[in-house]
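Enquirer: Input file: upload-v4.txt. Contents: compact mmCIF, C-alpha atoms and all ligand atoms.
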```txt
# COMPACT_ATOMS: atom_id res chain seq x y z
CA MET A 1 20.01 -86.30 58.31
CA LEU A 2 18.12 -86.66 55.03
CA THR A 3 18.64 -89.27 52.31
CA ASP A 4 17.29 -89.28 48.76
CA SER A 5 17.04 -92.86 47.45
CA HIS A 6 16.14 -91.88 43.91
CA ALA A 7 17.03 -88.83 41.81
CA HIS A 8 18.42 -87.99 38.37
CA LEU A 9 21.08 -85.38 39.09
CA PHE A 10 22.84 -86.09 35.77
CA MET A 11 20.12 -84.12 33.95
CA GLU A 12 22.14 -81.05 33.05
CA ASP A 13 19.21 -78.97 31.80
CA TRP A 14 17.87 -78.91 35.34
CA PHE A 15 21.15 -79.23 37.23
CA PRO A 16 23.78 -77.27 35.32
CA ASP A 17 25.92 -76.73 38.44
CA LEU A 18 26.29 -79.85 40.56
CA ARG A 19 28.81 -78.22 42.85
CA ASP A 20 26.08 -75.82 43.91
CA ILE A 21 23.60 -78.70 44.39
CA ALA A 22 26.17 -80.58 46.50
CA GLU A 23 26.78 -77.44 48.59
CA GLN A 24 23.07 -76.89 49.14
CA CYS A 25 22.58 -80.57 50.03
CA LYS A 26 25.24 -80.17 52.71
CA GLU A 27 23.64 -76.98 54.10
CA LYS A 28 20.17 -78.51 54.12
CA GLY A 29 21.15 -81.77 55.79
CA VAL A 30 21.04 -84.17 52.84
CA ARG A 31 23.71 -86.78 53.53
CA TYR A 32 23.36 -88.98 50.42
CA VAL A 33 21.55 -88.96 47.09
CA VAL A 34 21.25 -92.06 44.90
CA ASN A 35 21.77 -90.74 41.37
CA SER A 36 20.06 -93.14 38.93
CA GLY A 37 21.00 -93.52 35.26
CA LEU A 38 18.62 -94.77 32.58
CA GLU A 39 20.92 -96.28 29.92
CA LYS A 40 24.61 -96.39 28.93
CA ASP A 41 25.22 -92.66 28.37
CA THR A 42 23.50 -91.52 31.53
CA ASN A 43 24.91 -94.52 33.45
CA GLN A 44 28.35 -93.36 32.39
CA LYS A 45 27.50 -89.86 33.64
CA VAL A 46 26.39 -90.99 37.09
CA LEU A 47 29.64 -92.94 37.44
CA GLU A 48 31.68 -89.87 36.49
CA ILE A 49 29.69 -87.61 38.82
CA SER A 50 30.34 -89.97 41.74
CA GLU A 51 34.08 -89.53 41.32
CA THR A 52 33.80 -85.80 42.08
CA HIS A 53 30.80 -85.94 44.40
CA LYS A 54 31.16 -88.83 46.82
CA THR A 55 27.73 -88.26 48.34
CA PHE A 56 25.94 -88.72 45.00
CA LEU A 57 25.92 -92.51 44.92
CA PRO A 58 25.91 -94.04 41.44
CA SER A 59 23.10 -96.33 40.38
CA ILE A 60 23.15 -97.70 36.82
CA GLY A 61 19.96 -98.78 35.12
CA LEU A 62 17.95 -99.77 32.11
CA TYR A 63 14.77 -97.70 31.99
CA PRO A 64 11.66 -99.36 30.42
CA GLY A 65 11.28 -96.48 27.93
CA GLU A 66 14.84 -97.22 26.75
CA VAL A 67 14.15 -100.96 26.48
CA GLN A 68 11.22 -100.07 24.30
CA LYS A 69 13.40 -98.08 21.86
CA LYS A 70 16.45 -100.34 21.59
CA SER A 71 17.33 -103.38 19.48
CA GLU A 72 18.28 -106.81 20.85
CA ALA A 73 21.97 -106.11 20.14
CA GLN A 74 21.85 -102.71 21.88
CA LEU A 75 20.10 -104.24 24.88
CA ASN A 76 22.72 -106.97 25.15
CA SER A 77 25.35 -104.26 25.28
CA GLU A 78 23.35 -102.39 27.97
CA ILE A 79 23.33 -105.57 30.08
CA ALA A 80 27.06 -106.04 29.48
CA PHE A 81 27.62 -102.47 30.75
CA LEU A 82 25.70 -103.25 33.95
CA ASN A 83 27.75 -106.41 34.51
CA GLU A 84 31.04 -104.64 33.88
CA ASN A 85 30.31 -101.72 36.19
CA ILE A 86 28.27 -103.16 39.03
CA SER A 87 31.27 -103.32 41.35
CA ARG A 88 31.57 -99.48 41.11
CA CYS A 89 27.87 -98.93 41.88
CA SER A 90 25.66 -98.57 44.93
CA ALA A 91 22.60 -99.96 43.14
CA ILE A 92 21.08 -101.14 39.87
CA GLY A 93 18.26 -98.97 38.51
CA GLU A 94 16.25 -97.26 37.37
CA MET A 95 14.65 -100.28 35.74
CA GLY A 96 11.18 -101.83 35.72
CA LEU A 97 7.96 -102.11 33.75
CA ASP A 98 5.83 -99.40 32.24
CA GLY A 99 2.40 -100.24 30.88
CA THR A 100 2.14 -96.90 29.09
CA TYR A 101 4.60 -98.29 26.49
CA PRO A 102 3.32 -101.02 24.14
CA GLU A 103 5.72 -103.97 24.49
CA LEU A 104 5.41 -105.31 28.00
CA GLU A 105 6.81 -108.78 27.17
CA LYS A 106 9.99 -107.24 25.77
CA GLN A 107 10.28 -105.04 28.89
CA LYS A 108 9.82 -108.07 31.18
CA LYS A 109 12.64 -109.98 29.51
CA TRP A 110 15.19 -107.17 29.93
CA PHE A 111 13.98 -106.04 33.34
CA SER A 112 14.40 -109.60 34.54
CA ARG A 113 17.96 -109.73 33.19
CA ALA A 114 18.90 -106.45 34.88
CA LEU A 115 17.27 -107.51 38.15
CA SER A 116 19.21 -110.81 38.07
CA ILE A 117 22.46 -108.84 38.04
CA SER A 118 21.39 -106.87 41.07
CA ALA A 119 20.23 -110.01 42.93
CA SER A 120 23.29 -112.10 42.15
CA HIS A 121 25.61 -109.30 43.36
CA GLY A 122 23.47 -108.44 46.38
CA ARG A 123 23.17 -104.80 45.22
CA PRO A 124 19.86 -102.93 45.77
CA ALA A 125 17.41 -102.79 42.84
CA ILE A 126 15.61 -99.48 42.21
CA ILE A 127 12.41 -100.32 40.43
CA HIS A 128 10.00 -98.21 38.41
CA SER A 129 6.43 -99.28 37.74
CA ARG A 130 3.53 -97.63 35.99
CA LYS A 131 0.28 -99.25 35.00
CA ALA A 132 1.81 -102.74 35.24
CA GLU A 133 2.15 -103.21 38.98
CA LYS A 134 0.76 -106.74 39.20
CA GLU A 135 2.95 -107.94 36.32
CA LEU A 136 5.89 -106.23 37.96
CA ILE A 137 5.48 -108.04 41.30
CA GLU A 138 5.12 -111.37 39.49
CA CYS A 139 8.18 -110.68 37.37
CA ILE A 140 10.27 -109.82 40.45
CA GLU A 141 9.06 -112.96 42.24
CA SER A 142 9.90 -115.30 39.38
CA THR A 143 13.28 -113.67 38.69
CA LEU A 144 14.34 -113.90 42.34
CA LEU A 145 13.09 -117.46 42.65
CA GLU A 146 15.44 -118.52 39.85
CA ASN A 147 18.27 -116.34 40.98
CA ASN A 148 18.51 -115.51 44.64
CA PRO A 149 15.33 -116.21 46.66
CA ALA A 150 16.87 -114.68 49.80
CA PHE A 151 17.36 -111.28 48.10
CA ARG A 152 15.42 -108.51 49.90
CA LYS A 153 16.98 -105.32 48.54
CA VAL A 154 14.06 -104.66 46.24
CA ILE A 155 13.05 -100.97 46.25
CA LEU A 156 9.72 -100.07 44.70
CA HIS A 157 10.05 -96.43 43.72
CA CYS A 158 6.88 -94.31 43.76
CA PHE A 159 4.70 -97.44 43.73
CA MET A 160 1.09 -96.74 42.68
CA GLY A 161 -0.27 -100.32 42.87
CA SER A 162 -3.13 -101.48 45.10
CA MET A 163 -2.74 -101.99 48.86
CA LYS A 164 -3.15 -105.72 48.22
CA LEU A 165 0.04 -105.63 46.15
CA VAL A 166 1.71 -103.35 48.69
CA ASN A 167 0.98 -105.86 51.45
CA LYS A 168 2.32 -108.70 49.36
CA ALA A 169 5.59 -106.82 48.83
CA VAL A 170 5.76 -105.96 52.54
CA GLU A 171 5.53 -109.67 53.43
CA LYS A 172 8.46 -110.34 51.14
CA GLY A 173 10.55 -107.76 53.00
CA TRP A 174 10.83 -105.35 50.08
CA TYR A 175 11.13 -101.56 50.43
CA PHE A 176 9.07 -98.56 49.32
CA THR A 177 10.28 -95.02 48.67
CA ILE A 178 8.03 -92.16 49.75
CA PRO A 179 8.19 -89.19 47.36
CA ALA A 180 8.16 -85.49 48.24
CA ILE A 181 4.61 -85.25 46.83
CA ALA A 182 3.26 -87.62 49.53
CA GLY A 183 1.54 -84.71 51.29
CA ARG A 184 -0.88 -84.25 48.42
CA SER A 185 -1.58 -87.94 47.79
CA GLU A 186 -4.07 -90.12 49.64
CA HIS A 187 -2.42 -93.14 48.01
CA PHE A 188 0.94 -92.43 49.64
CA LYS A 189 -0.69 -91.76 53.00
CA SER A 190 -2.24 -95.26 52.94
CA LEU A 191 1.01 -96.70 51.68
CA ILE A 192 2.88 -95.20 54.65
CA LYS A 193 0.20 -96.61 56.97
CA ASN A 194 0.53 -100.12 55.48
CA VAL A 195 4.31 -100.39 55.32
CA PRO A 196 6.41 -100.88 58.48
CA LEU A 197 8.93 -98.09 59.18
CA ARG A 198 11.77 -100.55 58.67
CA GLN A 199 10.79 -100.88 54.99
CA LEU A 200 10.40 -97.18 54.13
CA LEU A 201 12.81 -94.84 52.34
CA THR A 202 12.51 -91.26 51.08
CA GLU A 203 13.05 -90.04 47.52
CA THR A 204 12.45 -87.09 45.23
CA ASP A 205 12.88 -88.38 41.64
CA SER A 206 14.49 -84.94 41.08
CA PRO A 207 14.09 -82.99 38.86
CA PHE A 208 10.58 -84.48 38.59
CA LEU A 209 7.68 -84.76 41.06
CA ALA A 210 8.28 -81.50 42.97
CA PRO A 211 5.98 -80.85 45.95
CA LYS A 212 4.68 -77.83 44.02
CA LYS A 213 3.55 -78.81 40.53
CA GLY A 214 5.64 -77.36 37.71
CA GLU A 215 8.70 -76.54 39.85
CA THR A 216 12.08 -78.29 39.74
CA ASN A 217 12.52 -80.86 42.48
CA TYR A 218 15.66 -81.07 44.66
CA PRO A 219 16.98 -83.74 47.06
CA TRP A 220 16.30 -81.60 50.16
CA ASN A 221 12.57 -81.87 49.45
CA THR A 222 12.82 -85.35 51.00
CA LYS A 223 11.98 -83.40 54.18
CA GLU A 224 8.40 -83.30 52.84
CA ALA A 225 8.33 -87.10 52.76
CA ILE A 226 9.80 -87.21 56.27
CA LEU A 227 7.05 -84.85 57.46
CA GLU A 228 4.35 -87.09 55.99
CA ILE A 229 5.82 -90.31 57.40
CA ALA A 230 6.14 -88.66 60.82
CA ASN A 231 2.49 -87.51 60.66
CA VAL A 232 1.08 -90.88 59.66
CA LYS A 233 3.29 -92.97 61.98
CA ARG A 234 2.86 -90.47 64.85
CA ILE A 235 6.53 -90.13 65.67
CA THR A 236 8.78 -87.08 65.63
CA GLN A 237 10.46 -85.90 62.44
CA GLU A 238 13.84 -86.44 64.06
CA GLU A 239 13.03 -90.05 64.92
CA THR A 240 11.71 -90.56 61.37
CA GLN A 241 14.90 -89.17 59.84
CA ASN A 242 17.03 -91.45 61.99
CA LEU A 243 15.03 -94.57 61.15
CA ILE A 244 14.99 -93.81 57.43
CA TYR A 245 18.73 -93.18 57.55
CA LEU A 246 19.28 -96.61 59.11
CA ASN A 247 17.23 -98.23 56.33
CA PHE A 248 19.20 -96.32 53.72
CA ALA A 249 22.52 -97.34 55.28
CA ARG A 250 21.49 -101.01 55.50
CA LEU A 251 20.71 -101.01 51.77
CA PHE A 252 23.20 -98.69 50.13
CA LEU A 253 26.17 -98.38 52.49
CA ALA A 254 26.55 -101.99 53.70
ZN ZN A 301 13.14 -91.78 38.20
```
What's the structure tokens form of this structure?
Ligand SMILES: [Zn+2]
Expert:
Amino acid sequence: MLTDSHAHLFMEDWFPDLRDIAEQCKEKGVRYVVNSGLEKDTNQKVLEISETHKTFLPSIGLYPGEVQKKSEAQLNSEIAFLNENISRCSAIGEMGLDGTYPELEKQKKWFSRALSISASHGRPAIIHSRKAEKELIECIESTLLENNPAFRKVILHCFMGSMKLVNKAVEKGWYFTIPAIAGRSEHFKSLIKNVPLRQLLTETDSPFLAPKKGETNYPWNTKEAILEIANVKRITQEETQNLIYLNFARLFLA
């Protein structure tokens, strides 16, 4: 049984027919997909999709690129949306920090507010990071310290930081998602080696990050991540799938 902890199935240009995607997921053994919004409109979409497709779990977020674009008033209303809808959601995210955009301090402020909602409700946090990994870990630490120090449902999606940072997050009990491109990345092979099986998940970030560059990605490509985890950890693919499913269930279905 496969699980995709992070995808964007609301993107209609890539996924014009979700009934077909749901059917193919079923045929190819994908049990659940966490469908992550980026801001109000797409958050609204993932909520609507989950009413028709029960296996596409809704996750509502506040993407750093959106934080960058929006005013204080708009961001307050984004946070209000998260608060109002968290009880209907399986997770909060995609949110995080992105050093390729200029205003990291602004991003930190709003990421921290979104993460606090996830921590105070005990809902998993799906976290994006790019070129700001150290700042990200520090920001998560300080937010949780103020809010809910026992919170462990922190999921670092496609984390590219150093193994030193990876090990720090492992000690805290946080989780890492392994993408379908893991087979062509030395970084993800070392990440799999460094993170205990109990703290690993699989993801695709569909429609992005396909195993073959330039193609559209789909949730069933999580089998590529399973293959890589099985290779590195030297266990069977079946065992890997079962263990990853248990992790997924502990986080998203509890
Ligand atoms: Zn994403």
Enquirer: Grab the atom CA of A:Glu239 to atom CA of A:Asp4 distance for me, in Å with one decimal place.
Expert: 16.7 Å
Enquirer: List the neighbours of stretch 176-179 of chain A out to 7 Å using all atoms listed in the file; skip same-chain residues closer than 5 positions along the sequence, and give me the result as a ChimeraX atom specification.
Expert: /A:155-158,199-204,225
Enquirer: Do you know which residues are within 10 Å of ligand ZN 301 (chain A) using only C-alpha atoms and all ligand atoms? Can you write them as a PyMOL selection string?
Expert: chain A and resi 6-8+35-38+63+93-95+126-128+157-158+203-209
Enquirer: Need the neighbours of (12.6, -105.1, 38.5): which residues are at most 8 Å away, counting all atoms listed in the file, as a ChimeraX atom specification?
Expert: /A:95-97,111-112,114-115,125-128,136,139-140,154
Enquirer: Residues as selected, C-alpha atoms, written as a CSV table (one decimal), keeping the file's coordinate frame, can you do that?
Expert:
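Once everything was written out, this is part_31.csv:
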```csv
chain,number,residue,atom,x,y,z
A,95,MET,CA,14.6,-100.3,35.7
A,96,GLY,CA,11.2,-101.8,35.7
A,97,LEU,CA,8.0,-102.1,33.8
A,111,PHE,CA,14.0,-106.0,33.3
A,112,SER,CA,14.4,-109.6,34.5
A,114,ALA,CA,18.9,-106.4,34.9
A,115,LEU,CA,17.3,-107.5,38.2
A,125,ALA,CA,17.4,-102.8,42.8
A,126,ILE,CA,15.6,-99.5,42.2
A,127,ILE,CA,12.4,-100.3,40.4
A,128,HIS,CA,10.0,-98.2,38.4
A,136,LEU,CA,5.9,-106.2,38.0
A,139,CYS,CA,8.2,-110.7,37.4
A,140,ILE,CA,10.3,-109.8,40.4
A,154,VAL,CA,14.1,-104.7,46.2
```
Enquirer: Atom CA of A:Glu215 and atom CA of A:Ser50, how far apart in Å?
Expert: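 Going from atom CA of A:Ser50 over to atom CA of A:Glu215, I get 25.5 Å.
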Enquirer: Here's a test: counting only C-alpha atoms, identify every protein, DNA and RNA residue with an atom at most 6 Å from (26.2, -88.1, 44.9) in the file's coordinate frame, and state them as a PyMOL selection string.
Expert: chain A and resi 33+50+53-57
Enquirer: Fewer than 3 positions away in the same chain doesn't count, so skip those; otherwise give me all residues within 12 Å of A:Arg250, counting only C-alpha atoms, as a list in words.
Expert: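 Here the answer would be Ser90, Gly122, Arg123, Pro124, Arg152, Lys153, Tyr175, Arg198, Gln199, Leu200, Leu201, Leu243, Ile244, Tyr245, Leu246, Asn247, Leu253 and Ala254 of chain A.
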Enquirer: For atom CA of A:Leu144 and atom CA of A:Tyr32, determine how far apart the two atoms are, in Å to one decimal place.
Expert: 27.7 Å
Enquirer: A:Ser71, A:Thr240, A:Ser120, A:Ser129: which is nearest A:Glu146, counting only C-alpha atoms?
Expert: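 Looking at the shortest contact to A:Glu146, the residue is A:Ser120.
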Enquirer: For each of A:Val195, A:Lys131, A:Ile117, A:Pro149, take the minimum atom-to-atom distance to A:Glu171, counting all atoms listed in the file, then give the residue where this is smallest.
Expert: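 Nearest to A:Glu171: A:Val195.
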Enquirer: Which residue out of A:Ser118, A:Gln237, A:Gln74, A:Thr100 has the minimum interatomic distance to A:Ile86 when all atoms listed in the file are used?
Expert: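 Closest candidate: A:Ser118.
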Enquirer: Need to verify the contact set: A:His121, 12 Å, all atoms listed in the file, exclusion of same-chain residues closer than 6 positions in sequence. Can you return it as an MDAnalysis selection string?
Expert: chainID A and resid 82:92 114:115 147:148 151 153
Enquirer: Here is a test: counting only C-alpha atoms, which residue of A:Gln107, A:Asn167, A:Thr222, A:Ser142 is nearest to A:Leu75?
Expert: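 Among the listed residues, A:Gln107 lies closest to A:Leu75.
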Enquirer: Between A:Glu238, A:Gln24, A:Lys70, A:Glu12, which has the minimum distance to A:Glu39 (counting all atoms listed in the file)?
Expert: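 Comparing A:Glu238, A:Gln24, A:Lys70, A:Glu12 against A:Glu39, the winner is A:Lys70.
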Enquirer: Using the partial input, fill out stretch 140-170 of chain A with N, CA and C atoms; write the result as a PDB file, keeping the file's coordinate frame.
Expert:
```pdb
ATOM      1  N   ILE A 140       9.208-109.845  39.420  1.00  0.00           N
ATOM      2  CA  ILE A 140      10.270-109.820  40.450  1.00  0.00           C
ATOM      3  C   ILE A 140      10.315-111.173  41.160  1.00  0.00           C
ATOM      4  N   GLU A 141       9.124-111.669  41.531  1.00  0.00           N
ATOM      5  CA  GLU A 141       9.060-112.960  42.240  1.00  0.00           C
ATOM      6  C   GLU A 141       9.725-114.073  41.432  1.00  0.00           C
ATOM      7  N   SER A 142       9.358-114.178  40.154  1.00  0.00           N
ATOM      8  CA  SER A 142       9.900-115.300  39.380  1.00  0.00           C
ATOM      9  C   SER A 142      11.393-115.133  39.121  1.00  0.00           C
ATOM     10  N   THR A 143      11.838-113.893  38.920  1.00  0.00           N
ATOM     11  CA  THR A 143      13.280-113.670  38.690  1.00  0.00           C
ATOM     12  C   THR A 143      14.085-114.039  39.940  1.00  0.00           C
ATOM     13  N   LEU A 144      13.588-113.630  41.115  1.00  0.00           N
ATOM     14  CA  LEU A 144      14.340-113.900  42.340  1.00  0.00           C
ATOM     15  C   LEU A 144      14.326-115.388  42.678  1.00  0.00           C
ATOM     16  N   LEU A 145      13.212-116.031  42.380  1.00  0.00           N
ATOM     17  CA  LEU A 145      13.090-117.460  42.650  1.00  0.00           C
ATOM     18  C   LEU A 145      14.175-118.243  41.912  1.00  0.00           C
ATOM     19  N   GLU A 146      14.419-117.845  40.676  1.00  0.00           N
ATOM     20  CA  GLU A 146      15.440-118.520  39.850  1.00  0.00           C
ATOM     21  C   GLU A 146      16.838-118.160  40.294  1.00  0.00           C
ATOM     22  N   ASN A 147      16.968-116.937  40.824  1.00  0.00           N
ATOM     23  CA  ASN A 147      18.270-116.340  40.980  1.00  0.00           C
ATOM     24  C   ASN A 147      18.834-116.304  42.376  1.00  0.00           C
ATOM     25  N   ASN A 148      18.055-115.682  43.260  1.00  0.00           N
ATOM     26  CA  ASN A 148      18.510-115.510  44.640  1.00  0.00           C
ATOM     27  C   ASN A 148      17.275-115.271  45.523  1.00  0.00           C
ATOM     28  N   PRO A 149      16.592-116.354  45.922  1.00  0.00           N
ATOM     29  CA  PRO A 149      15.330-116.210  46.660  1.00  0.00           C
ATOM     30  C   PRO A 149      15.472-115.451  47.985  1.00  0.00           C
ATOM     31  N   ALA A 150      16.691-115.368  48.517  1.00  0.00           N
ATOM     32  CA  ALA A 150      16.870-114.680  49.800  1.00  0.00           C
ATOM     33  C   ALA A 150      17.046-113.161  49.612  1.00  0.00           C
ATOM     34  N   PHE A 151      17.092-112.698  48.379  1.00  0.00           N
ATOM     35  CA  PHE A 151      17.360-111.280  48.100  1.00  0.00           C
ATOM     36  C   PHE A 151      16.183-110.397  48.541  1.00  0.00           C
ATOM     37  N   ARG A 152      16.488-109.384  49.382  1.00  0.00           N
ATOM     38  CA  ARG A 152      15.420-108.510  49.900  1.00  0.00           C
ATOM     39  C   ARG A 152      15.599-107.053  49.481  1.00  0.00           C
ATOM     40  N   LYS A 153      16.692-106.741  48.816  1.00  0.00           N
ATOM     41  CA  LYS A 153      16.980-105.320  48.540  1.00  0.00           C
ATOM     42  C   LYS A 153      16.226-104.815  47.311  1.00  0.00           C
ATOM     43  N   VAL A 154      14.933-105.082  47.320  1.00  0.00           N
ATOM     44  CA  VAL A 154      14.060-104.660  46.240  1.00  0.00           C
ATOM     45  C   VAL A 154      13.399-103.350  46.672  1.00  0.00           C
ATOM     46  N   ILE A 155      13.586-102.291  45.878  1.00  0.00           N
ATOM     47  CA  ILE A 155      13.050-100.970  46.250  1.00  0.00           C
ATOM     48  C   ILE A 155      12.029-100.539  45.215  1.00  0.00           C
ATOM     49  N   LEU A 156      10.780-100.465  45.630  1.00  0.00           N
ATOM     50  CA  LEU A 156       9.720-100.070  44.700  1.00  0.00           C
ATOM     51  C   LEU A 156       9.582 -98.549  44.799  1.00  0.00           C
ATOM     52  N   HIS A 157      10.011 -97.895  43.727  1.00  0.00           N
ATOM     53  CA  HIS A 157      10.050 -96.430  43.720  1.00  0.00           C
ATOM     54  C   HIS A 157       8.691 -95.884  43.287  1.00  0.00           C
ATOM     55  N   CYS A 158       8.139 -94.987  44.105  1.00  0.00           N
ATOM     56  CA  CYS A 158       6.880 -94.310  43.760  1.00  0.00           C
ATOM     57  C   CYS A 158       5.790 -95.304  43.328  1.00  0.00           C
ATOM     58  N   PHE A 159       5.594 -96.351  44.115  1.00  0.00           N
ATOM     59  CA  PHE A 159       4.700 -97.440  43.730  1.00  0.00           C
ATOM     60  C   PHE A 159       3.231 -97.024  43.840  1.00  0.00           C
ATOM     61  N   MET A 160       2.488 -97.186  42.719  1.00  0.00           N
ATOM     62  CA  MET A 160       1.090 -96.740  42.680  1.00  0.00           C
ATOM     63  C   MET A 160       0.104 -97.918  42.686  1.00  0.00           C
ATOM     64  N   GLY A 161       0.603 -99.137  42.891  1.00  0.00           N
ATOM     65  CA  GLY A 161      -0.270-100.320  42.870  1.00  0.00           C
ATOM     66  C   GLY A 161      -1.224-100.359  44.063  1.00  0.00           C
ATOM     67  N   SER A 162      -2.118-101.339  44.040  1.00  0.00           N
ATOM     68  CA  SER A 162      -3.130-101.480  45.100  1.00  0.00           C
ATOM     69  C   SER A 162      -2.493-101.856  46.437  1.00  0.00           C
ATOM     70  N   MET A 163      -3.252-101.639  47.530  1.00  0.00           N
ATOM     71  CA  MET A 163      -2.740-101.990  48.860  1.00  0.00           C
ATOM     72  C   MET A 163      -2.563-103.507  48.985  1.00  0.00           C
ATOM     73  N   LYS A 164      -3.322-104.260  48.215  1.00  0.00           N
ATOM     74  CA  LYS A 164      -3.150-105.720  48.220  1.00  0.00           C
ATOM     75  C   LYS A 164      -1.729-106.067  47.730  1.00  0.00           C
ATOM     76  N   LEU A 165      -1.314-105.401  46.671  1.00  0.00           N
ATOM     77  CA  LEU A 165       0.040-105.630  46.150  1.00  0.00           C
ATOM     78  C   LEU A 165       1.098-105.082  47.112  1.00  0.00           C
ATOM     79  N   VAL A 166       0.782-103.934  47.720  1.00  0.00           N
ATOM     80  CA  VAL A 166       1.710-103.350  48.690  1.00  0.00           C
ATOM     81  C   VAL A 166       1.945-104.347  49.828  1.00  0.00           C
ATOM     82  N   ASN A 167       0.850-104.920  50.333  1.00  0.00           N
ATOM     83  CA  ASN A 167       0.980-105.860  51.450  1.00  0.00           C
ATOM     84  C   ASN A 167       1.768-107.109  51.072  1.00  0.00           C
ATOM     85  N   LYS A 168       1.577-107.538  49.851  1.00  0.00           N
ATOM     86  CA  LYS A 168       2.320-108.700  49.360  1.00  0.00           C
ATOM     87  C   LYS A 168       3.831-108.401  49.361  1.00  0.00           C
ATOM     88  N   ALA A 169       4.178-107.212  48.879  1.00  0.00           N
ATOM     89  CA  ALA A 169       5.590-106.820  48.830  1.00  0.00           C
ATOM     90  C   ALA A 169       6.162-106.648  50.246  1.00  0.00           C
ATOM     91  N   VAL A 170       5.331-106.137  51.145  1.00  0.00           N
ATOM     92  CA  VAL A 170       5.760-105.960  52.540  1.00  0.00           C
ATOM     93  C   VAL A 170       6.125-107.325  53.136  1.00  0.00           C
TER      94      VAL A 170
END
```
